[in-house]
Amino acid sequence: MIAYHYPPYQGGSGVQRTLKFSEYLPQAGWQPIVLTASVGAYRPAGAGHGQAAGAGPQVTLRRSFALDSSRHLALRGRYPAWLARPDRWISWWLTAVPAGLALIRRHRPDAIWSSYPIATAHLIGLTLQRLSGIPWIADQRDPMSDDDYPADPRTRRQHRWIEAQILTHSASMVCTTPGAIRAYRARFPALGQDRISLIENGYDEGDFAAAAAELPAGRRAGDCFRLLHSGVIYPSERDPTALFAALARLQGDGELLPGQFTLVLRASGHDAHLRALIDAHGVAALVELAPALPYRAALAEMLTADGLLLLQAANCNAQIPAKLYEYLRAGRPLLALTDPAGDSAATLRRCGIDSIGRLDSAPDCARALMRFLALARQGRAPLASAATLALHSRQARSKQLADLLDSVSRQEKP
């Protein structure tokens, strides 16, 4: 398992995918060997960003030296562009390939698995596959390239080259959303139906059990309704401008009053940008910018929020935020401001949740928010059933990966 994001990495939810796969695969008959980057490659983060504890004793863990070009190879904040292609951790390839070959010689693995969004991980997986002949699964998550992504044309060409290599040499590509699979099949019409698989993200029941033990004291009935968005708000992919305009209108009409409603933006990652938008719309009395919390404390906050907010713009219709699955498990009323035609909205509808509004429309944000608040306050907001939730657990996702590993490992190896 080749993955850049692995504990003690801090600062994002992406670490949970590899961590939970490595934790639960042994239950399905697979022994994980994790090849990841040296700890120094991770950007230092405050304690508030901490994720779950590291790998358990069942995981064989090997770290190889890596540098972050933007921090370790920059002079006065500048560095050559080629040092960031396909990403800033390309130096990891130089050490990870020899380390991976040593692991292969020692452990004789039945499969290789590498995980994007660090493209260098796929380069390592590709190289090890070509040198060893071992079946390789590329955990692509979301597409690596689009018409205008990455923004740098040379980086975009390199990402597309990696995608082509995946489709040529991997035993299987894994995506996390149906939209990503549709996009790849449209770009590569010859891609066989059995060469691409869907394994979504999920939630971990163990983490929620631990979070429940950290629950804060309950609030009195009648307290201010707190609508929580937990996690990064990307300025383009989750632009809340229309939502703030809706809040301004509702505040002006007297439908939302300070002290009765607060939108909590926890660990947005772009507080300065959001503060300017909040001030421009005059909604500072309704919006709270909150600092990051340790991972399980963040889950505990979800468990006690009056409502949970999901933001996803139409330019990300083929993506589903990982937090959606944690929101579902939290069992609290959920409002999604997103494109009704996107994968996030489709997933929620399959779970029986229809409190959905358009993120790019201030009138629709206002309509959806007021309908949602009425349902939540009356205790009638739709929630996912226990049977539906079980399908989205990390254990269930790990069983899907184990089944795929069973399939590809039957391929003959040199």
# chains A, B, ... in the order shown; residues from 1 in each chain; ligands from 1
>>> residues_around(residues="Gly231 of chain A", least_positions_apart="4", cutoff="9 Å", atoms="only C-alpha atoms", output="list in words")
Gly12, Ser13, Leu265, Arg266, Ala267, Ser268, Gly269, Ala292 and Lys323 of chain A
>>> residues_around(residues="Asp146 of chain A", least_positions_apart="3", cutoff="9 Å", atoms="only C-alpha atoms", output="ChimeraX atom specification")
/A:143,149-150,156,160
>>> residues_around(residues="Ala374 of chain A", least_positions_apart="3", cutoff="12 Å", atoms="only C-alpha atoms", output="short mmCIF file (atom, residue, chain, number, x, y, z; two decimals) with C-alpha atoms, in the first residue's frame")
data_model
loop_
_atom_site.label_atom_id
_atom_site.label_comp_id
_atom_site.auth_asym_id
_atom_site.auth_seq_id
_atom_site.Cartn_x
_atom_site.Cartn_y
_atom_site.Cartn_z
CA PHE A 225 -29.79 26.75 16.54
CA GLU A 255 -36.56 35.61 9.57
CA ASP A 306 -28.51 21.04 15.67
CA GLY A 307 -27.83 20.67 11.97
CA PRO A 333 -30.40 16.87 10.38
CA LEU A 335 -28.72 20.39 4.73
CA SER A 355 -33.07 18.76 2.19
CA ARG A 367 -35.67 28.58 0.52
CA ALA A 368 -33.78 25.40 1.36
CA LEU A 369 -32.44 26.80 4.64
CA MET A 370 -35.83 27.92 5.95
CA ARG A 371 -37.47 24.62 4.98
CA ARG A 377 -36.98 22.21 14.80
CA GLN A 378 -40.05 20.00 14.45
CA GLY A 379 -37.95 16.82 14.63
CA ARG A 380 -39.06 15.82 11.10
CA ALA A 381 -35.79 16.18 9.19
#
>>> atom_distance(atom1="atom CA of Leu277 of chain A", atom2="atom CA of Pro340 of chain A")
24.7 Å
>>> select_by_dssp(residues="segment 151-400 of chain A", states="helix (DSSP H, G or I)", output="VMD selection string")
chain A and resid 153 to 169 178 to 187 193 to 195 205 to 212 241 to 252 271 to 281 295 to 304 314 to 316 323 to 330 343 to 350 362 to 377 386 to 391 394 to 400
>>> write_last_selection(atoms="C-alpha atoms", output="short mmCIF file (atom, residue, chain, number, x, y, z; two decimals), in the first residue's frame")
data_model
loop_
_atom_site.label_atom_id
_atom_site.label_comp_id
_atom_site.auth_asym_id
_atom_site.auth_seq_id
_atom_site.Cartn_x
_atom_site.Cartn_y
_atom_site.Cartn_z
CA PRO A 153 -0.35 22.97 -18.68
CA ARG A 154 2.86 20.96 -18.21
CA THR A 155 1.64 19.50 -14.94
CA ARG A 156 -1.70 18.73 -16.58
CA ARG A 157 0.05 16.87 -19.40
CA GLN A 158 2.05 14.86 -16.88
CA HIS A 159 -1.08 13.98 -14.93
CA ARG A 160 -2.72 12.81 -18.13
CA TRP A 161 0.33 10.71 -18.95
CA ILE A 162 0.06 9.06 -15.53
CA GLU A 163 -3.64 8.39 -16.13
CA ALA A 164 -2.79 6.75 -19.45
CA GLN A 165 -0.16 4.59 -17.73
CA ILE A 166 -2.70 3.54 -15.12
CA LEU A 167 -5.12 2.48 -17.80
CA THR A 168 -2.38 0.60 -19.64
CA HIS A 169 -0.55 -1.16 -16.81
CA PRO A 178 -19.97 7.26 -10.08
CA GLY A 179 -19.28 10.60 -11.79
CA ALA A 180 -15.54 9.98 -11.79
CA ILE A 181 -16.10 6.59 -13.41
CA ARG A 182 -18.35 8.15 -16.05
CA ALA A 183 -15.72 10.79 -16.78
CA TYR A 184 -12.99 8.18 -17.31
CA ARG A 185 -15.17 6.00 -19.51
CA ALA A 186 -16.04 9.05 -21.63
CA ARG A 187 -12.37 9.94 -22.06
CA GLN A 193 -16.08 -2.55 -17.61
CA ASP A 194 -13.96 -4.79 -15.37
CA ARG A 195 -10.99 -2.42 -15.28
CA GLU A 205 -17.80 3.19 13.74
CA GLY A 206 -14.86 2.90 16.13
CA ASP A 207 -14.04 6.58 15.77
CA PHE A 208 -17.65 7.53 16.43
CA ALA A 209 -17.78 5.32 19.52
CA ALA A 210 -14.67 7.08 20.84
CA ALA A 211 -16.14 10.47 19.91
CA ALA A 212 -19.32 9.68 21.82
CA THR A 241 -21.18 33.72 -1.48
CA ALA A 242 -24.79 32.92 -2.41
CA LEU A 243 -25.39 31.45 1.06
CA PHE A 244 -24.13 34.63 2.73
CA ALA A 245 -26.37 36.69 0.44
CA ALA A 246 -29.30 34.51 1.52
CA LEU A 247 -28.41 35.00 5.19
CA ALA A 248 -28.27 38.77 4.66
CA ARG A 249 -31.73 38.79 3.10
CA LEU A 250 -33.23 36.56 5.79
CA GLN A 251 -31.63 38.70 8.49
CA GLY A 252 -32.99 41.86 6.91
CA ASP A 271 -10.85 32.22 7.34
CA ALA A 272 -9.45 35.49 5.96
CA HIS A 273 -11.28 35.03 2.65
CA LEU A 274 -14.51 34.08 4.40
CA ARG A 275 -14.27 36.94 6.88
CA ALA A 276 -14.12 39.41 4.01
CA LEU A 277 -17.23 37.85 2.45
CA ILE A 278 -19.03 37.82 5.80
CA ASP A 279 -18.27 41.50 6.38
CA ALA A 280 -19.25 42.42 2.82
CA HIS A 281 -22.69 40.86 3.31
CA TYR A 295 -10.45 14.61 14.77
CA ARG A 296 -12.57 12.79 17.33
CA ALA A 297 -13.59 16.04 18.99
CA ALA A 298 -14.77 17.20 15.55
CA LEU A 299 -16.87 14.03 15.27
CA ALA A 300 -18.27 14.69 18.74
CA GLU A 301 -19.30 18.17 17.64
CA MET A 302 -21.13 16.66 14.65
CA LEU A 303 -23.01 14.35 17.02
CA THR A 304 -24.37 17.30 19.01
CA ALA A 314 -21.50 22.26 -9.54
CA ASN A 315 -17.88 22.21 -10.75
CA CYS A 316 -17.40 19.24 -8.41
CA LYS A 323 -17.41 14.34 5.36
CA LEU A 324 -20.78 13.46 3.79
CA TYR A 325 -20.46 9.90 5.12
CA GLU A 326 -19.51 11.13 8.60
CA TYR A 327 -22.47 13.51 8.51
CA LEU A 328 -24.76 10.60 7.70
CA ARG A 329 -23.42 8.56 10.61
CA ALA A 330 -23.74 11.49 13.02
CA ASP A 343 -23.10 12.85 -7.12
CA SER A 344 -23.39 14.35 -3.62
CA ALA A 345 -27.09 15.11 -4.09
CA ALA A 346 -27.70 11.68 -5.65
CA THR A 347 -26.05 9.93 -2.70
CA LEU A 348 -28.17 11.87 -0.22
CA ARG A 349 -31.37 11.12 -2.09
CA ARG A 350 -30.52 7.40 -2.06
CA ALA A 362 -29.16 32.92 -3.10
CA PRO A 363 -32.98 32.56 -3.37
CA ASP A 364 -32.71 28.78 -3.40
CA CYS A 365 -30.25 28.81 -0.48
CA ALA A 366 -32.78 30.88 1.48
CA ARG A 367 -35.67 28.58 0.52
CA ALA A 368 -33.78 25.40 1.36
CA LEU A 369 -32.44 26.80 4.64
CA MET A 370 -35.83 27.92 5.95
CA ARG A 371 -37.47 24.62 4.98
CA PHE A 372 -34.62 22.73 6.64
CA LEU A 373 -34.84 24.76 9.85
CA ALA A 374 -38.57 24.14 10.07
CA LEU A 375 -38.13 20.38 9.65
CA ALA A 376 -35.21 20.20 12.10
CA ARG A 377 -36.98 22.21 14.80
CA ALA A 386 -29.35 2.00 10.09
CA ALA A 387 -29.30 -0.43 7.16
CA THR A 388 -28.22 2.32 4.78
CA LEU A 389 -25.53 3.54 7.16
CA ALA A 390 -24.01 0.05 7.42
CA LEU A 391 -23.34 0.08 3.68
CA ARG A 394 -15.16 1.71 6.55
CA GLN A 395 -15.46 -2.01 7.30
CA ALA A 396 -17.81 -2.46 4.36
CA ARG A 397 -15.48 -0.46 2.09
CA SER A 398 -12.52 -2.58 3.20
CA LYS A 399 -14.44 -5.73 2.31
CA GLN A 400 -14.98 -4.27 -1.17
#
>>> closest_residue(among="A:Pro294, A:Met144, A:Trp30, A:Thr127", to="Gln10 of chain A", atoms="only C-alpha atoms")
A:Pro294
>>> atom_distance(atom1="atom CA of Ser197 of chain A", atom2="atom CA of Pro57 of chain A")
29.2 Å
>>> select_by_dssp(residues="segment 130-335 of chain A", states="strand (DSSP E or B)", output="JSON, numbers by chain")
{"A": [136, 137, 138, 139, 140, 141, 146, 149, 172, 173, 174, 175, 196, 197, 198, 203, 225, 226, 227, 228, 229, 230, 261, 262, 263, 264, 265, 266, 287, 288, 289, 290, 307, 308, 309, 310, 311, 312, 334, 335]}
>>> decode(residues="segment 219-243 of chain A", atoms="N, CA and C atoms", output="mmCIF file, in the first residue's frame")
data_model
loop_
_atom_site.group_PDB
_atom_site.id
_atom_site.type_symbol
_atom_site.label_atom_id
_atom_site.label_comp_id
_atom_site.auth_asym_id
_atom_site.auth_seq_id
_atom_site.Cartn_x
_atom_site.Cartn_y
_atom_site.Cartn_z
ATOM 1 N N ARG A 219 -26.988 20.968 25.647
ATOM 2 C CA ARG A 219 -27.440 22.344 25.762
ATOM 3 C C ARG A 219 -28.927 22.379 26.107
ATOM 4 N N ARG A 220 -29.349 23.442 26.715
ATOM 5 C CA ARG A 220 -30.745 23.574 27.109
ATOM 6 C C ARG A 220 -31.635 23.749 25.883
ATOM 7 N N ALA A 221 -32.845 23.241 25.972
ATOM 8 C CA ALA A 221 -33.804 23.457 24.889
ATOM 9 C C ALA A 221 -34.023 24.960 24.716
ATOM 10 N N GLY A 222 -34.132 25.393 23.482
ATOM 11 C CA GLY A 222 -34.340 26.806 23.207
ATOM 12 C C GLY A 222 -33.067 27.560 22.940
ATOM 13 N N ASP A 223 -31.911 26.923 23.102
ATOM 14 C CA ASP A 223 -30.656 27.572 22.774
ATOM 15 C C ASP A 223 -30.608 27.886 21.287
ATOM 16 N N CYS A 224 -29.688 28.732 20.912
ATOM 17 C CA CYS A 224 -29.500 29.128 19.520
ATOM 18 C C CYS A 224 -29.272 27.905 18.629
ATOM 19 N N PHE A 225 -29.968 27.836 17.499
ATOM 20 C CA PHE A 225 -29.794 26.747 16.539
ATOM 21 C C PHE A 225 -28.430 26.902 15.885
ATOM 22 N N ARG A 226 -27.598 25.867 16.011
ATOM 23 C CA ARG A 226 -26.245 25.918 15.467
ATOM 24 C C ARG A 226 -26.151 24.959 14.274
ATOM 25 N N LEU A 227 -25.935 25.556 13.105
ATOM 26 C CA LEU A 227 -25.760 24.808 11.864
ATOM 27 C C LEU A 227 -24.267 24.724 11.588
ATOM 28 N N LEU A 228 -23.730 23.511 11.551
ATOM 29 C CA LEU A 228 -22.285 23.295 11.513
ATOM 30 C C LEU A 228 -21.813 22.864 10.139
ATOM 31 N N HIS A 229 -20.796 23.559 9.629
ATOM 32 C CA HIS A 229 -20.006 23.039 8.510
ATOM 33 C C HIS A 229 -18.628 22.715 9.067
ATOM 34 N N SER A 230 -18.246 21.453 9.004
ATOM 35 C CA SER A 230 -16.984 21.003 9.587
ATOM 36 C C SER A 230 -15.995 20.701 8.469
ATOM 37 N N GLY A 231 -14.928 21.490 8.374
ATOM 38 C CA GLY A 231 -13.893 21.210 7.390
ATOM 39 C C GLY A 231 -13.685 22.324 6.385
ATOM 40 N N VAL A 232 -12.769 22.066 5.473
ATOM 41 C CA VAL A 232 -12.281 23.089 4.551
ATOM 42 C C VAL A 232 -13.397 23.583 3.631
ATOM 43 N N ILE A 233 -13.409 24.900 3.406
ATOM 44 C CA ILE A 233 -14.313 25.533 2.442
ATOM 45 C C ILE A 233 -13.450 26.130 1.339
ATOM 46 N N TYR A 234 -13.330 25.399 0.242
ATOM 47 C CA TYR A 234 -12.511 25.870 -0.874
ATOM 48 C C TYR A 234 -13.227 27.029 -1.568
ATOM 49 N N PRO A 235 -12.503 28.111 -1.881
ATOM 50 C CA PRO A 235 -13.149 29.305 -2.425
ATOM 51 C C PRO A 235 -13.922 29.076 -3.720
ATOM 52 N N SER A 236 -13.486 28.159 -4.564
ATOM 53 C CA SER A 236 -14.224 27.931 -5.809
ATOM 54 C C SER A 236 -15.129 26.715 -5.712
ATOM 55 N N GLU A 237 -14.636 25.623 -5.123
ATOM 56 C CA GLU A 237 -15.409 24.383 -5.085
ATOM 57 C C GLU A 237 -16.548 24.411 -4.071
ATOM 58 N N ARG A 238 -16.471 25.291 -3.070
ATOM 59 C CA ARG A 238 -17.525 25.366 -2.045
ATOM 60 C C ARG A 238 -17.826 26.827 -1.708
ATOM 61 N N ASP A 239 -17.912 27.644 -2.735
ATOM 62 C CA ASP A 239 -18.079 29.089 -2.576
ATOM 63 C C ASP A 239 -19.387 29.418 -1.860
ATOM 64 N N PRO A 240 -19.310 30.019 -0.653
ATOM 65 C CA PRO A 240 -20.534 30.292 0.106
ATOM 66 C C PRO A 240 -21.132 31.676 -0.154
ATOM 67 N N THR A 241 -20.714 32.356 -1.235
ATOM 68 C CA THR A 241 -21.185 33.723 -1.477
ATOM 69 C C THR A 241 -22.704 33.795 -1.543
ATOM 70 N N ALA A 242 -23.326 32.897 -2.299
ATOM 71 C CA ALA A 242 -24.793 32.925 -2.408
ATOM 72 C C ALA A 242 -25.449 32.635 -1.062
ATOM 73 N N LEU A 243 -24.852 31.747 -0.276
ATOM 74 C CA LEU A 243 -25.394 31.451 1.060
ATOM 75 C C LEU A 243 -25.339 32.690 1.941
#
